[in-house]
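Next up, entry-v4.cif (mmCIF, C-alpha atoms):
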```cif
data_work
#
loop_
_atom_site.label_atom_id
_atom_site.label_comp_id
_atom_site.auth_asym_id
_atom_site.auth_seq_id
_atom_site.Cartn_x
_atom_site.Cartn_y
_atom_site.Cartn_z
CA MET A 1 0.00 0.00 0.00
CA VAL A 2 2.81 2.41 0.87
CA ALA A 3 4.72 1.49 -2.30
CA ALA A 4 1.64 2.16 -4.44
CA LEU A 5 1.13 5.53 -2.73
CA PHE A 6 4.72 6.58 -3.43
CA PHE A 7 4.42 5.33 -7.01
CA TYR A 8 1.40 7.47 -7.76
CA LEU A 9 3.01 10.43 -6.00
CA PHE A 10 6.27 10.19 -7.97
CA ALA A 11 4.43 9.50 -11.22
CA ALA A 12 2.06 12.45 -10.82
CA VAL A 13 4.86 14.89 -9.99
CA THR A 14 6.96 13.55 -12.88
CA VAL A 15 4.18 14.07 -15.42
CA ALA A 16 3.27 17.50 -14.04
CA SER A 17 6.88 18.70 -14.06
CA ALA A 18 7.41 17.33 -17.58
CA VAL A 19 4.41 19.34 -18.78
CA MET A 20 5.77 22.45 -17.08
CA VAL A 21 9.12 21.98 -18.83
CA ILE A 22 7.52 22.60 -22.22
CA THR A 23 4.90 25.13 -21.12
CA ALA A 24 6.97 27.44 -18.90
CA ARG A 25 7.77 30.77 -20.55
CA ASN A 26 11.01 31.32 -18.66
CA PRO A 27 13.81 28.96 -19.81
CA VAL A 28 15.34 28.96 -16.31
CA HIS A 29 12.05 27.73 -14.85
CA SER A 30 11.95 25.01 -17.52
CA VAL A 31 15.35 23.72 -16.44
CA LEU A 32 14.30 23.75 -12.77
CA PHE A 33 11.18 21.74 -13.60
CA LEU A 34 13.39 19.35 -15.59
CA ILE A 35 15.53 18.78 -12.48
CA LEU A 36 12.36 18.08 -10.47
CA CYS A 37 11.26 15.61 -13.14
CA PHE A 38 14.61 13.79 -12.95
CA PHE A 39 14.42 13.47 -9.17
CA ASN A 40 10.94 11.95 -9.27
CA ALA A 41 11.92 9.60 -12.10
CA ALA A 42 14.83 8.47 -9.90
CA GLY A 43 12.29 7.73 -7.17
CA LEU A 44 10.35 5.55 -9.61
CA PHE A 45 13.55 3.66 -10.46
CA VAL A 46 14.14 3.02 -6.75
CA LEU A 47 10.63 1.57 -6.42
CA LEU A 48 11.34 -0.72 -9.39
CA GLY A 49 14.51 -2.03 -7.78
CA ALA A 50 16.90 -0.29 -10.20
CA GLU A 51 19.03 1.61 -7.71
CA PHE A 52 21.92 2.00 -10.13
CA LEU A 53 19.73 3.74 -12.74
CA ALA A 54 18.34 6.03 -10.05
CA MET A 55 21.83 6.99 -8.94
CA ILE A 56 22.97 7.59 -12.53
CA LEU A 57 19.89 9.72 -13.20
CA VAL A 58 20.61 11.95 -10.20
CA VAL A 59 24.40 12.13 -10.54
CA VAL A 60 24.72 12.42 -14.32
CA TYR A 61 21.55 14.13 -15.48
CA VAL A 62 20.76 16.32 -12.48
CA GLY A 63 24.35 16.92 -11.42
CA ALA A 64 25.80 17.51 -14.87
CA VAL A 65 23.36 17.82 -17.75
CA ALA A 66 20.59 19.83 -16.08
CA VAL A 67 23.05 22.11 -14.31
CA LEU A 68 24.87 22.59 -17.62
CA PHE A 69 21.56 23.52 -19.28
CA LEU A 70 20.90 26.03 -16.52
CA PHE A 71 24.42 27.47 -16.86
CA VAL A 72 24.09 27.80 -20.64
CA VAL A 73 20.64 29.40 -20.46
CA MET A 74 21.71 31.92 -17.81
CA MET A 75 25.18 32.78 -19.17
CA LEU A 76 24.64 32.90 -22.93
CA ASP A 77 22.99 35.96 -24.40
CA VAL A 78 20.36 34.03 -26.33
CA ASP A 79 17.56 36.08 -27.85
CA PHE A 80 14.58 33.75 -27.37
CA VAL A 81 12.23 36.25 -29.00
CA GLU A 82 14.26 36.02 -32.19
CA LEU A 83 14.27 32.22 -32.04
CA ARG A 84 10.47 32.14 -31.74
CA GLU A 85 9.87 34.45 -34.71
CA GLY A 86 10.02 31.65 -37.28
CA MET A 87 8.02 29.19 -35.19
CA LEU A 88 4.80 29.65 -37.16
CA ASN A 89 6.58 28.65 -40.37
CA TYR A 90 7.31 25.20 -38.93
CA LEU A 91 3.92 24.79 -37.22
CA PRO A 92 2.33 22.59 -39.95
CA VAL A 93 5.30 20.20 -39.97
CA GLY A 94 5.39 20.07 -36.17
CA ALA A 95 1.64 19.47 -35.96
CA THR A 96 1.88 16.64 -38.50
CA ILE A 97 4.72 14.94 -36.62
CA GLY A 98 2.89 15.39 -33.31
CA PHE A 99 -0.27 13.82 -34.76
CA ILE A 100 1.72 10.84 -36.06
CA VAL A 101 3.34 10.34 -32.65
CA LEU A 102 -0.07 10.48 -30.93
CA VAL A 103 -1.46 7.88 -33.34
CA GLU A 104 1.52 5.60 -32.68
CA LEU A 105 1.10 5.98 -28.92
CA ALA A 106 -2.61 5.18 -29.23
CA LEU A 107 -1.82 2.02 -31.20
CA VAL A 108 0.77 0.94 -28.65
CA VAL A 109 -1.48 1.57 -25.64
CA GLY A 110 -4.44 -0.07 -27.38
CA SER A 111 -2.55 -3.30 -28.04
CA TRP A 112 -0.62 -3.31 -24.76
CA VAL A 113 -1.04 -6.48 -22.70
CA ILE A 114 0.79 -7.04 -19.42
CA ASP A 115 2.67 -10.32 -19.44
CA PRO A 116 2.08 -12.31 -16.22
CA ALA A 117 5.72 -13.41 -16.29
CA SER A 118 6.88 -9.79 -16.13
CA VAL A 119 4.75 -9.19 -13.04
CA GLN A 120 6.44 -12.14 -11.31
CA ALA A 121 9.89 -11.03 -12.46
CA ARG A 122 9.37 -7.60 -10.93
CA GLY A 123 9.93 -9.06 -7.47
CA ALA A 124 13.40 -10.28 -8.51
CA PRO A 125 14.71 -7.84 -11.15
CA THR A 126 18.20 -9.41 -11.14
CA PRO A 127 19.29 -13.06 -11.04
CA ALA A 128 20.42 -14.51 -7.76
CA GLY A 129 24.01 -13.64 -6.88
CA VAL A 130 24.23 -10.84 -9.50
CA THR A 131 24.16 -7.20 -8.52
CA ASN A 132 21.99 -4.68 -10.29
CA THR A 133 25.00 -2.93 -11.83
CA GLU A 134 26.51 -6.17 -13.14
CA ALA A 135 23.22 -7.30 -14.66
CA LEU A 136 22.76 -3.95 -16.37
CA GLY A 137 26.31 -4.05 -17.75
CA ARG A 138 25.78 -7.54 -19.15
CA ILE A 139 22.63 -6.46 -20.96
CA LEU A 140 24.00 -3.17 -22.31
CA TYR A 141 27.33 -4.47 -23.57
CA THR A 142 26.11 -7.80 -24.96
CA ASP A 143 22.52 -7.82 -26.19
CA PHE A 144 22.03 -4.09 -26.78
CA ILE A 145 25.53 -2.91 -27.63
CA PHE A 146 24.51 -1.52 -31.05
CA TYR A 147 21.57 0.40 -29.58
CA PHE A 148 23.87 1.70 -26.84
CA GLN A 149 26.36 2.99 -29.42
CA ALA A 150 23.54 4.48 -31.52
CA ALA A 151 22.28 6.37 -28.45
CA GLY A 152 25.79 7.79 -27.99
CA LEU A 153 25.83 9.00 -31.60
CA VAL A 154 22.41 10.63 -31.16
CA LEU A 155 23.66 12.48 -28.07
CA LEU A 156 26.76 13.59 -29.99
CA VAL A 157 24.62 15.00 -32.82
CA ALA A 158 22.37 16.73 -30.27
CA MET A 159 25.39 18.32 -28.59
CA VAL A 160 26.76 19.59 -31.92
CA GLY A 161 23.33 20.93 -32.84
CA ALA A 162 23.00 22.79 -29.53
CA ILE A 163 26.40 24.38 -30.04
CA VAL A 164 25.54 25.45 -33.59
CA LEU A 165 22.16 26.93 -32.56
CA THR A 166 23.58 28.96 -29.68
CA LEU A 167 26.73 30.17 -31.45
CA ARG A 168 26.61 33.90 -32.12
CA HIS A 169 29.34 35.86 -33.92
CA LYS A 170 29.62 39.39 -32.56
CA GLU A 171 30.73 42.16 -34.85
CA GLY A 172 33.90 44.08 -34.07
CA VAL A 173 35.59 41.17 -32.30
CA LYS A 174 39.03 40.21 -33.58
CA ARG A 175 39.23 36.52 -34.42
CA GLN A 176 42.17 34.32 -35.25
CA ASN A 177 42.54 33.30 -38.90
CA ILE A 178 45.03 30.44 -39.18
CA SER A 179 45.32 30.57 -42.98
CA ASP A 180 46.18 34.30 -42.94
CA GLN A 181 48.81 33.74 -40.28
CA VAL A 182 50.46 30.88 -42.16
CA ALA A 183 50.48 32.80 -45.46
CA ARG A 184 51.95 35.95 -43.90
CA THR A 185 55.12 37.31 -45.51
CA PRO A 186 57.57 39.98 -44.34
CA ALA A 187 56.01 42.39 -46.83
CA THR A 188 52.58 42.03 -45.20
CA ALA A 189 53.76 41.61 -41.60
CA ILE A 190 56.27 44.48 -41.35
CA GLU A 191 55.64 48.10 -42.18
CA VAL A 192 58.79 50.18 -42.66
CA ILE A 193 58.35 53.88 -42.03
CA LYS A 194 61.15 56.26 -43.00
CA VAL A 195 61.37 59.17 -40.65
CA LYS A 196 63.17 62.26 -41.72
CA PRO A 197 65.64 63.82 -39.29
CA GLY A 198 63.91 66.16 -36.85
CA GLN A 199 60.40 64.70 -37.39
CA GLY A 200 58.41 62.36 -35.22
CA ILE A 201 56.62 59.24 -36.28
#
```
For this file, write the structure as structure tokens.
Amino acid sequence: MVAALFFYLFAAVTVASAVMVITARNPVHSVLFLILCFFNAAGLFVLLGAEFLAMILVVVYVGAVAVLFLFVVMMLDVDFVELREGMLNYLPVGATIGFIVLVELALVVGSWVIDPASVQARGAPTPAGVTNTEALGRILYTDFIFYFQAAGLVLLVAMVGAIVLTLRHKEGVKRQNISDQVARTPATAIEVIKVKPGQGI
């Protein structure tokens, strides 16, 4: 009874905070709601017996990724008004993709049947004599190694995309040009000024 109460509590707060992440107008508030969502998801992992995943979610995502998001949002001079100007141009495409995702979710939920064996396996999530971390490592690096590597590539592309979207070149700032430095000659690097006697430079 107590486990079910905590499950519904964590699940409700997780869903509510996830909705606030995408509906909050202030980006800083969105990141704070994202941190709250991560903490409650970690609580759900603890209830499922996956303590290692809960620890990774708190240490990696809350301690590194979410804090990094907050640092980037607060430190970079990102003009969010300018980014939202072209949002209406992509609204039809976004609405179409959202509708397709909703249809797929409806098909999955409609055909979803709980396997009785999975209910029994929930009481013993790991084999006897094997820790949770060891069991997770065996699964990730044997059966799902290709999916694990593909997830790493997706995160790499997302990181590059975030850097490209937030990069702003300011005018009037001197930047290093390697090709100009390598191709520099004494004629272009040195300026000889002849000063007549009695005159200043």
Between atom CA of Phe146 of chain A and atom CA of Ile35 of chain A, distance in Å (one decimal):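 Atom-to-atom, atom CA of Phe146 of chain A and atom CA of Ile35 of chain A are spaced 28.9 Å apart.
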Expected selection from the PyMOL selection byres ((chain A and resi 32) around 12), given as a list of chain:residue names: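 With the PyMOL selection byres ((chain A and resi 32) around 12) on this model, the match is A:Ser17, A:Ala18, A:Met20, A:Val21, A:Ile22, A:Ala24, A:Asn26, A:Pro27, A:Val28, A:His29, A:Ser30, A:Val31, A:Phe33, A:Leu34, A:Ile35, A:Leu36, A:Cys37, A:Phe38, A:Phe39, A:Val62, A:Val65, A:Ala66, A:Val67, A:Leu68, A:Phe69, A:Leu70, A:Phe71, A:Val73.
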For atom CA of Gln149 of chain A and atom CA of Leu136 of chain A, the interatomic separation in Å (one decimal):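 It comes out at 15.2 Å.
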Straight-line distance linking atom CA of Phe10 of chain A with atom CA of Met55 of chain A, stated in Å to one decimal: 15.9 Å
A:Ala162, A:Glu191, A:Ala183, A:Leu57 ranked by distance to Val72 of chain A, top pick (using all atoms listed in the file):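 Ranked by minimum distance to Val72 of chain A, first place goes to A:Ala162.
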Please write the residues picked by the PyMOL selection byres ((chain A and resi 46-52) around 8) on this file as an mmCIF file with C-alpha atoms, in the frame of the given file.
```cif
data_model
loop_
_atom_site.group_PDB
_atom_site.id
_atom_site.type_symbol
_atom_site.label_atom_id
_atom_site.label_comp_id
_atom_site.auth_asym_id
_atom_site.auth_seq_id
_atom_site.Cartn_x
_atom_site.Cartn_y
_atom_site.Cartn_z
ATOM 1 C CA ALA A 3 4.720 1.490 -2.300
ATOM 2 C CA PHE A 7 4.420 5.330 -7.010
ATOM 3 C CA ALA A 42 14.830 8.470 -9.900
ATOM 4 C CA GLY A 43 12.290 7.730 -7.170
ATOM 5 C CA LEU A 44 10.350 5.550 -9.610
ATOM 6 C CA PHE A 45 13.550 3.660 -10.460
ATOM 7 C CA LEU A 53 19.730 3.740 -12.740
ATOM 8 C CA ALA A 54 18.340 6.030 -10.050
ATOM 9 C CA MET A 55 21.830 6.990 -8.940
ATOM 10 C CA ILE A 56 22.970 7.590 -12.530
ATOM 11 C CA ARG A 122 9.370 -7.600 -10.930
ATOM 12 C CA PRO A 125 14.710 -7.840 -11.150
ATOM 13 C CA ASN A 132 21.990 -4.680 -10.290
ATOM 14 C CA THR A 133 25.000 -2.930 -11.830
#
```
